[in-house]
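Q: For reference, the structure I am asking about is given below.
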Protein chains: 4
Amino acid sequence: MKAARLYGPRKIRIDEVPKPTPGPGEALVRVLACGICGSDLHYFEEGRIGETAVSEPLVPGHEAAGVVEEVGEGVEGLRPGDRVAIDPAVPCGRCEWCRRGNPNLCPEVRFFGTPPTDGALREYLAHPADALFKLPEGLTYEDGAMLEPLGVALHAVDLAHLRPGQTVAVFGAGTIGLLVVQLVRLCGASWTVATDLLASRLEMARMFGADEVVKADEEDPVGRIKGTTGGRGVDVAFEAAWVHGTTEQAVEALTPGGTLVLIGIPSGEDVVSFRASSSRRKGLTIKMVRRAKHAYPRAISMTKKGLLDLKSPVTHRFPLEEVKRAFEVASGYRDGVVKVMVEL
Amino acid sequence: MKAARLYGPRKIRIDEVPKPTPGPGEALVRVLACGICGSDLHYFEEGRIGETAVSEPLVPGHEAAGVVEEVGEGVEGLRPGDRVAIDPAVPCGRCEWCRRGNPNLCPEVRFFGTPPTDGALREYLAHPADALFKLPEGLTYEDGAMLEPLGVALHAVDLAHLRPGQTVAVFGAGTIGLLVVQLVRLCGASWTVATDLLASRLEMARMFGADEVVKADEEDPVGRIKGTTGGRGVDVAFEAAWVHGTTEQAVEALTPGGTLVLIGIPSGEDVVSFRASSSRRKGLTIKMVRRAKHAYPRAISMTKKGLLDLKSPVTHRFPLEEVKRAFEVASGYRDGVVKVMVEL
Amino acid sequence: MKAARLYGPRKIRIDEVPKPTPGPGEALVRVLACGICGSDLHYFEEGRIGETAVSEPLVPGHEAAGVVEEVGEGVEGLRPGDRVAIDPAVPCGRCEWCRRGNPNLCPEVRFFGTPPTDGALREYLAHPADALFKLPEGLTYEDGAMLEPLGVALHAVDLAHLRPGQTVAVFGAGTIGLLVVQLVRLCGASWTVATDLLASRLEMARMFGADEVVKADEEDPVGRIKGTTGGRGVDVAFEAAWVHGTTEQAVEALTPGGTLVLIGIPSGEDVVSFRASSSRRKGLTIKMVRRAKHAYPRAISMTKKGLLDLKSPVTHRFPLEEVKRAFEVASGYRDGVVKVMVEL
Amino acid sequence: MKAARLYGPRKIRIDEVPKPTPGPGEALVRVLACGICGSDLHYFEEGRIGETAVSEPLVPGHEAAGVVEEVGEGVEGLRPGDRVAIDPAVPCGRCEWCRRGNPNLCPEVRFFGTPPTDGALREYLAHPADALFKLPEGLTYEDGAMLEPLGVALHAVDLAHLRPGQTVAVFGAGTIGLLVVQLVRLCGASWTVATDLLASRLEMARMFGADEVVKADEEDPVGRIKGTTGGRGVDVAFEAAWVHGTTEQAVEALTPGGTLVLIGIPSGEDVVSFRASSSRRKGLTIKMVRRAKHAYPRAISMTKKGLLDLKSPVTHRFPLEEVKRAFEVASGYRDGVVKVMVEL
């Protein structure tokens, strides 16, 4: 079968690899859609995220959906032909973090596309049945792939403990930022602002419920937020821009007692930094988002009800054969590109 | 000036009383709309709520809005002609509950229409300027009056810590219940059910976002909820029916780990009761709602943005002269009646 | 091997039963100490707790420790001779409650001594190795058995979110109540009162850190608490008396904004009830305790450090042969009896 | 009367200034003890904290106690001769932060010794009676002065939501760090480590309940913590060292899901910074401490009960006349010096 494999910064190609066999408790899934995410791009562009580096050839991709082809021994509740979203995380299930309900913090987790665990940009994969979630009628495979970033956005919004009527700033309107904007609207925010450098993303943010948008290369987001809120600042800020500088903006844009949720992984220098005096004077709370947890059933029920638009963010589609092109388009941070989907 | 005064169970009449003068920090407000609430009805029907009884003639009413006629010494930010919603609570501001941000628990609070503090069903009242909130353009006096029950509903929803995608049951679809249904929809619930005995209220609940409704005299709400959720139950239940029995239903309808928010004041026996074994096995959390706190600015910004429909629940309007008729209509618990508003 | 088996109310005897064999992932444990708990007594005295009734002969007991005799296939980290405390709960590990970190709410849990799952009052049992926790040097088998009620007390105290300097009332000074008193002292409470009907328990409560004690048949606990706190009431109340009436006392003894933690399972009528008006006016939070979660490592580290006295509550010891006598002594609610331990 | 006044970095002298008169609601207090705190030292050493700079001569000092000499109009509950601790914060009482119970975040707060509000290093001050707390018998004026840093430590510990049995690291064993160590012991921590550069402080930390101490110039605190906890790290870390570098250490020393409480104000560069990759992978929560709130009654009841040692940290005492010497001793960060108290 075919698989996309990353050999180092910007070196990706299609290899022929053996088709896996599902073990006990596993199902064999034919992958039909797989999104390219910011962390995939980190590996594609830099070959690493912090201390985690690509050494062996690695199959990237962790936002995936497909159809069950075969089930292994002892699998109940799934059968060939079932359309499924694929949770890319396989936590150990036994450590204190798993037991306490935080499998996203499991030190032993195997996660698609994170060295040394291969990801989903291949024709087939064998995966624990417990990590496969049936797609109800009305959800496409692309929707299924989008449930993964939606799970991250849900976790981020859960950490913020949003209450109806609050004011919110979302720094960065990529896939995650745009899903956060949608969820924030769903949480009854009374005012939401989104920032980005790309006009098309801001337009989409507006369509998804942002009351105002700021093109951050043309206007200072902090100034705008302070201006619109009469100097008060916002209750909650989400950093989803994946660059340095936005964390500091978020800290300055928050009201005293506010909450900052950090989602993005900045490129380059491995550091979070912001002003000590203003953050302390405001008594801020900062929550760091590590992937997602318990997201699929919730994300599926919300999407099924029509509460979320998972389709509009998918701006580009490529077949597996053009995976390199797909990564290049995704990595350019260019106007008009949000989520790039590989269709298998 | 004229004031409605309650002399005992079902004894209410219009009296001529002296017009008040605003003291330092106070404003004189001409009342223009005042809703009749369940606790007003408790005093009207039974002459008491628990241990708090009407002894002297009492002006009822605490859901009010009007226009500023005059301001007392030292009042800034308000002037004659300002249209305002009136927060009926004047907490002491110095006790440990006020200091800790829970003025709704202040033991020294003076609250409109609660003995011995006169309420708002009168032509004029003098009130601390800090408890008057300007109505922005687009909000009517009736909307202003409705901000008070909206504040209670907001407090109830805050206590529930709702997260997007959760499932919710609202027991009782009176004014508060209907506002809770609206807020629950605003919080991104994936499924909401409302119960009541009156068809018109259930219809309104559906209009406000309930996915299902149960006429509780025709069908067992617990059975329906268990049925629709595959036996799981709901994440959060609100008791807003103000009768005995619904608390027990709520406890049975909840999923393990669920949260019950008790809003209603039951008539008759002064007791909350529910099944010990099932509530403990499920490890429930129960939150008791005491009025509202910090609600007005938030409620105003949400209403201004058009997130809430405060108009539909107002089903009846009476002039002050017909206040007795207003109370009788409100107290009947009859189909077609939700909020009865007195227009002054 | 020998096992104590319950055949109905007050019918318990020693039977000869087959010795179990450890399956994959299990260990065979020789039980050396097993406490008798209130829920065991419910089954002994009434044959049921709520809707859960003893039908087949049932081995009671869920507070146990012993020594590993043999390990099944695939067990790592345990070997024959290891001294272990035995977690009586075997949750399914796959349901949403387990995944979310609440195995105590797992609907599929198998729990020692709860029909139809046999308990620990037998010479040997085969148990998942993941539910066995090594006893460090310095902890006896009795200490190991006491870790189970300590886990319940820890869960109760966790739910209370105690902060240093708060005031606390503990209603009921049986084993759980006494462990709660110890934990409350450990949490830096500035004042703690304990109530019971038995002088010896109150004496022990005082020894464990209660600043005051109330013999509830001689003095009204609510009156005392209101008196000592200048009418304010306590921040947190624990109901651990397992009788009706104490819940109502706890509600009345709490300060506005206070938290009530319900631990006890009342005998007789299956109902929780308390005053509606005062509980609502005070805006209370009520948390229902369902067993324990994630307790063993924490309980072991605290006990090892000497923070808790698990020995003093053990007032009586019986060999397995005298198990009926053990239950009778435990069930009498008589002065001088707290925890009855069966030594095997 | 005499007052210590700061004119710029390291310029402090005793001036003769007018004795104040208590206005309505105020009391005149003769100051008898006043501690020198880290933020006083920031102004003494650098003339500023972040953007807040000393421009006019400023009376420093905000940890104070004294005796009431005279009460203004309308003061109840206080009379001449009462011994009182002085809360240095006078929040506006009307802004949204005050109303919500966070007066420590009040943008309009006047706070002793923060420009342009004069502090307590003077013979007399007029202060709102609501901000004066009677010292019970057994508490000295020095204890009264120490209640202020104790309040900060309490707020920090509240933010950490410590539960009994957790593991804790305290970075920096100055006055606040040492009080945090005491409170952590009071919260039932199962293991606590403290770090500092000064041997005498570490000795005191050990006396106050730290299980281990690390002299950070001789051993890497992160290495020690990882070593002792088997690589797991601690549940909660407090940064109370007021230098750069310890925040990063705290982030590295935490376990996944852990909480970092930032108390210290670093000198020099106005920035908080730490590693992005590890903090995000661990999904940390960070809480910034802004002064104290609602601390006095709680701090007094705990101290009265003997739960805290406020005397040992006071290592040096000077009369008002030697205030410059007092600041110099306090600012040296030298072994043997913790809290320097000015006795008036």
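Residue numbers start at 1 in each chain; chains themselves are named A, B, ... in the order of the structure tokens; ligands are numbered from 1 in the order shown.
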Which residues come within 8 Å of stretch 199-213 of chain B, counting only C-alpha atoms, excluding same-chain residues fewer than 6 positions away, as a PyMOL selection string?
A: chain B and resi 173-174+178+181-182+185+191-193+313+335-336+338
Q: Each residue of chain A with at least one atom at most 12 Å from chain C should appear once, together with its nearest atom pair and the corresponding distance in Å (one decimal); atoms considered: only C-alpha atoms; ordering: chain, then increasing residue number; output as a Markdown table.
A:
```
| residue | atom | partner | partner_atom | distance |
| --- | --- | --- | --- | --- |
| A:Pro91 | CA | C:Arg99 | CA | 10.7 |
| A:Cys92 | CA | C:Gly93 | CA | 11.5 |
| A:Gly93 | CA | C:Gly93 | CA | 7.9 |
| A:Arg94 | CA | C:Asp130 | CA | 8.0 |
| A:Cys95 | CA | C:Asp130 | CA | 10.1 |
| A:Glu96 | CA | C:His294 | CA | 8.0 |
| A:Trp97 | CA | C:Gly101 | CA | 8.6 |
| A:Cys98 | CA | C:Gly101 | CA | 7.3 |
| A:Arg99 | CA | C:Gly101 | CA | 5.4 |
| A:Arg100 | CA | C:Gly101 | CA | 4.0 |
| A:Gly101 | CA | C:Gly101 | CA | 3.6 |
| A:Asn102 | CA | C:Arg100 | CA | 7.2 |
| A:Pro103 | CA | C:Arg99 | CA | 8.0 |
| A:Asn104 | CA | C:Arg100 | CA | 11.1 |
| A:Ala129 | CA | C:Arg94 | CA | 11.4 |
| A:Asp130 | CA | C:Arg94 | CA | 8.1 |
| A:Ala131 | CA | C:Arg94 | CA | 10.7 |
| A:Lys293 | CA | C:Arg100 | CA | 8.5 |
| A:His294 | CA | C:Arg100 | CA | 7.1 |
| A:Ala295 | CA | C:Arg100 | CA | 10.7 |
| A:Tyr296 | CA | C:Glu96 | CA | 11.3 |
| A:Pro297 | CA | C:Glu96 | CA | 9.6 |
| A:Arg298 | CA | C:Glu96 | CA | 11.1 |
```
Q: Stretch 105-285 of chain C: which residues are helix (DSSP H, G or I) by DSSP, as number ranges by chain?
A: C: 105, 129-131, 141-160, 175-186, 199-207, 221-228, 246-253, 276-281
Q: Take atom CA of C:Pro9 and atom CA of B:Leu284 and report the distance between them in Å, one decimal.
A: 29.4 Å
